[in-house]
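Undergrad: Coordinates in upload.csv, CSV, C-alpha atoms, are listed below.
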chain,number,residue,atom,x,y,z
A,1,MET,CA,114.6,81.3,212.4
A,2,VAL,CA,112.7,79.9,209.5
A,3,SER,CA,109.1,78.8,210.0
A,4,LEU,CA,105.9,77.6,208.3
A,5,GLN,CA,102.7,79.5,208.4
A,6,LYS,CA,99.5,77.9,207.2
A,7,VAL,CA,97.9,79.9,204.3
A,8,ARG,CA,94.4,80.9,205.0
A,9,GLU,CA,91.9,81.1,202.1
A,10,GLU,CA,91.7,84.9,202.5
A,11,GLU,CA,95.5,85.0,201.9
A,12,ALA,CA,95.2,83.3,198.5
A,13,THR,CA,96.1,86.5,196.6
A,14,LYS,CA,99.3,86.7,198.6
A,15,LEU,CA,100.1,83.1,197.7
A,16,HIS,CA,99.3,83.7,194.0
A,17,ASN,CA,101.6,86.8,194.1
A,18,ILE,CA,104.6,84.9,195.4
A,19,MET,CA,103.8,82.0,193.0
A,20,GLN,CA,104.5,84.4,190.1
A,21,PHE,CA,108.2,84.4,191.1
A,22,TYR,CA,108.1,80.6,191.3
A,23,ILE,CA,106.5,80.2,187.9
A,24,TYR,CA,109.0,82.7,186.4
A,25,GLU,CA,111.9,80.7,187.8
A,26,PHE,CA,110.3,77.4,186.6
A,27,SER,CA,109.8,78.8,183.1
A,28,LYS,CA,113.5,78.3,182.3
A,29,TYR,CA,112.9,74.6,182.5
A,30,ILE,CA,109.6,74.4,180.7
A,31,PRO,CA,109.5,76.6,177.6
A,32,ASP,CA,105.8,76.3,177.2
A,33,ILE,CA,105.2,78.5,180.3
A,34,LYS,CA,104.4,81.9,178.9
A,35,LEU,CA,103.0,85.2,180.3
A,36,GLU,CA,99.3,85.7,179.8
A,37,ASP,CA,98.0,88.8,177.9
A,38,ASN,CA,97.7,90.6,181.3
A,39,GLY,CA,101.4,90.3,181.9
A,40,SER,CA,101.3,87.7,184.6
A,41,TYR,CA,101.5,83.9,184.6
A,42,LYS,CA,98.4,81.8,184.7
A,43,PRO,CA,97.5,81.3,188.3
A,44,PHE,CA,97.4,77.9,189.9
A,45,ASP,CA,94.0,76.5,190.9
A,46,LEU,CA,94.4,76.5,194.7
A,47,GLU,CA,90.8,75.6,195.5
A,48,LYS,CA,91.7,72.1,196.8
A,49,TYR,CA,93.9,73.7,199.5
A,50,TRP,CA,90.9,75.3,201.1
A,51,THR,CA,88.4,72.4,200.5
A,52,ASN,CA,90.3,69.1,200.9
A,53,ASP,CA,91.9,68.1,204.2
A,54,ASN,CA,94.8,66.3,202.4
A,55,PHE,CA,96.1,69.5,200.7
A,56,HIS,CA,98.1,72.0,202.7
A,57,ALA,CA,99.5,75.4,201.7
A,58,TYR,CA,102.2,77.1,203.8
A,59,PHE,CA,104.1,80.3,203.6
A,60,ILE,CA,107.8,80.0,204.4
A,61,LYS,CA,108.9,82.9,206.6
A,62,LEU,CA,112.2,84.0,207.9
A,63,ARG,CA,111.3,85.8,211.1
A,64,ASP,CA,108.5,88.0,209.7
A,65,GLU,CA,109.6,88.1,206.1
A,66,LEU,CA,107.9,86.0,203.5
A,67,ILE,CA,110.6,84.0,201.6
A,68,GLY,CA,108.7,81.2,200.0
A,69,PHE,CA,105.9,78.7,200.1
A,70,ALA,CA,105.2,74.9,200.2
A,71,LEU,CA,102.2,73.1,198.8
A,72,VAL,CA,101.9,69.6,200.3
A,73,GLU,CA,99.5,66.7,199.7
A,74,SER,CA,99.4,64.5,202.8
A,75,ALA,CA,99.2,60.7,202.5
A,76,THR,CA,96.0,58.8,201.9
A,77,PHE,CA,95.4,55.1,202.1
A,78,SER,CA,96.5,54.7,198.5
A,79,SER,CA,99.1,57.5,198.0
A,80,PRO,CA,102.2,58.8,199.9
A,81,ASN,CA,102.9,62.3,201.1
A,82,THR,CA,104.1,64.6,198.3
A,83,ILE,CA,105.5,68.0,197.8
A,84,GLN,CA,103.3,69.5,195.1
A,85,GLU,CA,105.2,72.8,194.8
A,86,TYR,CA,108.1,74.2,196.8
A,87,PHE,CA,109.8,77.6,196.5
A,88,ILE,CA,112.5,79.6,198.3
A,89,SER,CA,113.2,83.0,196.8
A,90,ALA,CA,116.6,83.3,195.1
A,91,LYS,CA,117.9,85.8,197.7
A,92,TYR,CA,117.6,83.1,200.4
A,93,MET,CA,118.7,80.0,198.5
A,94,GLY,CA,121.8,78.3,199.7
A,95,ASN,CA,121.4,79.3,203.4
A,96,GLY,CA,119.8,76.0,204.5
A,97,TYR,CA,116.3,77.5,204.9
A,98,GLY,CA,114.8,75.2,202.3
A,99,LYS,CA,116.3,72.1,204.0
A,100,ASP,CA,115.1,73.2,207.4
A,101,VAL,CA,111.6,73.7,206.2
A,102,ALA,CA,111.5,70.4,204.3
A,103,ARG,CA,112.6,68.6,207.5
A,104,LYS,CA,109.8,70.3,209.3
A,105,LEU,CA,107.3,69.1,206.7
A,106,PHE,CA,108.7,65.5,206.9
A,107,THR,CA,108.1,65.7,210.7
A,108,MET,CA,104.6,67.2,210.3
A,109,PHE,CA,103.6,64.5,207.8
A,110,PRO,CA,105.4,61.3,208.9
A,111,GLY,CA,105.3,58.1,206.8
A,112,GLU,CA,105.8,57.4,203.1
A,113,TRP,CA,107.0,60.2,200.8
A,114,GLU,CA,107.4,60.6,197.1
A,115,ILE,CA,109.2,63.6,195.7
A,116,THR,CA,109.5,64.4,192.0
A,117,GLN,CA,111.6,66.8,190.0
A,118,ILE,CA,111.5,67.5,186.2
A,119,GLU,CA,114.6,66.3,184.4
A,120,ASN,CA,115.8,69.7,183.3
A,121,ASN,CA,115.7,71.2,186.9
A,122,GLU,CA,119.1,69.9,188.0
A,123,PRO,CA,119.3,72.3,191.0
A,124,ALA,CA,116.0,70.9,192.4
A,125,HIS,CA,117.2,67.3,191.7
A,126,ALA,CA,120.4,67.9,193.6
A,127,PHE,CA,118.6,69.6,196.5
A,128,TRP,CA,116.0,66.9,197.0
A,129,ARG,CA,118.3,64.0,196.4
A,130,GLY,CA,120.9,65.3,198.9
A,131,LEU,CA,118.3,66.1,201.5
A,132,ILE,CA,116.5,62.8,201.1
A,133,THR,CA,119.8,60.9,201.3
A,134,GLU,CA,120.4,62.7,204.6
A,135,VAL,CA,117.0,62.3,206.2
A,136,SER,CA,116.6,58.7,205.1
A,137,GLY,CA,120.2,57.6,205.9
A,138,GLY,CA,120.5,56.7,202.2
A,139,ASN,CA,117.5,54.3,202.5
A,140,PHE,CA,115.4,55.5,199.5
A,141,ILE,CA,114.5,54.4,196.0
A,142,GLU,CA,115.1,56.7,193.1
A,143,HIS,CA,113.9,56.1,189.6
A,144,TYR,CA,113.5,58.1,186.4
A,145,LYS,CA,110.2,58.0,184.4
A,146,ASP,CA,108.5,60.3,181.9
A,147,ASN,CA,111.1,63.0,182.3
A,148,LEU,CA,110.8,63.0,186.1
A,149,TYR,CA,113.2,61.9,188.8
A,150,VAL,CA,111.2,60.3,191.6
A,151,GLN,CA,112.5,59.5,195.1
A,152,LYS,CA,110.5,57.3,197.5
A,153,PHE,CA,111.4,57.1,201.2
A,154,HIS,CA,110.0,56.8,204.7
A,155,THR,CA,110.2,59.2,207.6
Is it possible to give me this structure as structure tokens?

TA:
Amino acid sequence: MVSLQKVREEEATKLHNIMQFYIYEFSKYIPDIKLEDNGSYKPFDLEKYWTNDNFHAYFIKLRDELIGFALVESATFSSPNTIQEYFISAKYMGNGYGKDVARKLFTMFPGEWEITQIENNEPAHAFWRGLITEVSGGNFIEHYKDNLYVQKFHT
């Protein structure tokens, strides 16, 4: 069974490590992403996930194995819930784990959602559009702006 595990601040290095695979995969869609002089990708600034109650970092696990992560910004008065970053390692893609975890996130953070994908990332667009169609019963709005696909819906 696939599950979410809250990332603790002391596990930031582990999250940075798995994020290297995410950035590597994402680099095929954004040519400006390059390795740093030390041979790794520039790490994300994760500070807000430890200091701001509206930002949530989760490991995605299959039984005891780490297979991905999800970074979520929960809704505030002026903004909807969003998936900031989302990753399932290639070995586990296509097995429904990503959909199962996303559904869990939608349940954990009910309300308005806004999900975005860059134009070039067709697999992500297909994944999110299909899942959002399913969970919203087709009741969502999608638009394209500034090289991003954006879906808005309510859970």

Undergrad: Tell me, in Å to one decimal, how far CA of Ser136 (chain A) is from CA of Pro110 (chain A).

TA: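 Separation between CA of Ser136 (chain A) and CA of Pro110 (chain A): 12.1 Å.
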
Undergrad: When you count all atoms listed in the file, which of these residues is closest to Phe21 (chain A): A:Ile141, A:Pro43, A:Phe127, A:Val101?

TA: A:Pro43

Undergrad: One number please: CA of Leu66 (chain A) to CA of Phe87 (chain A), in Å, one decimal.

TA: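 For CA of Leu66 (chain A) relative to CA of Phe87 (chain A), the distance reads 11.1 Å.
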
Undergrad: Just to confirm, what's the straight-line distance from CA of Arg63 (chain A) to CA of Leu4 (chain A) in Å (one decimal)?

TA: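 Separating CA of Arg63 (chain A) from CA of Leu4 (chain A) is a distance of 10.2 Å.
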
Undergrad: Show me, as a compact mmCIF listing (two decimals) with C-alpha atoms, keeping the file's coordinate frame, the residues that have an atom within 12 Å of Lys145 (chain A) when counting all atoms listed in the file, minus same-chain residues fewer than 3 positions from it.

TA:
# COMPACT_ATOMS: atom_id res chain seq x y z
CA THR A 116 109.50 64.40 192.00
CA GLN A 117 111.60 66.80 190.00
CA ILE A 118 111.50 67.50 186.20
CA GLU A 119 114.60 66.30 184.40
CA GLU A 142 115.10 56.70 193.10
CA LEU A 148 110.80 63.00 186.10
CA TYR A 149 113.20 61.90 188.80
CA VAL A 150 111.20 60.30 191.60
CA GLN A 151 112.50 59.50 195.10

Undergrad: Please provide the set of residues having any atom within 9 Å of Asn54 (chain A), restricted to only C-alpha atoms, with same-chain residues fewer than 3 positions apart removed, written as a list in words.

TA: Lys48, Tyr49, Val72, Glu73, Ser74, Ala75 and Thr76 of chain A

Undergrad: Selected residues, C-alpha atoms, written as a PDB file, keeping the file's coordinate frame, please.

TA:
ATOM      1  CA  LYS A  48      91.700  72.100 196.800  1.00  0.00           C
ATOM      2  CA  TYR A  49      93.900  73.700 199.500  1.00  0.00           C
ATOM      3  CA  VAL A  72     101.900  69.600 200.300  1.00  0.00           C
ATOM      4  CA  GLU A  73      99.500  66.700 199.700  1.00  0.00           C
ATOM      5  CA  SER A  74      99.400  64.500 202.800  1.00  0.00           C
ATOM      6  CA  ALA A  75      99.200  60.700 202.500  1.00  0.00           C
ATOM      7  CA  THR A  76      96.000  58.800 201.900  1.00  0.00           C
TER       8      THR A  76
END

Undergrad: I'd like the neighbourhood of Ile67 (chain A) as a list in words, where a residue qualifies if any of its atoms comes within 8 Å (using only C-alpha atoms), though same-chain residues fewer than 2 positions away should be ignored.

TA: Phe59, Ile60, Lys61, Leu62, Glu65, Phe69, Ile88, Ser89 and Tyr92 of chain A
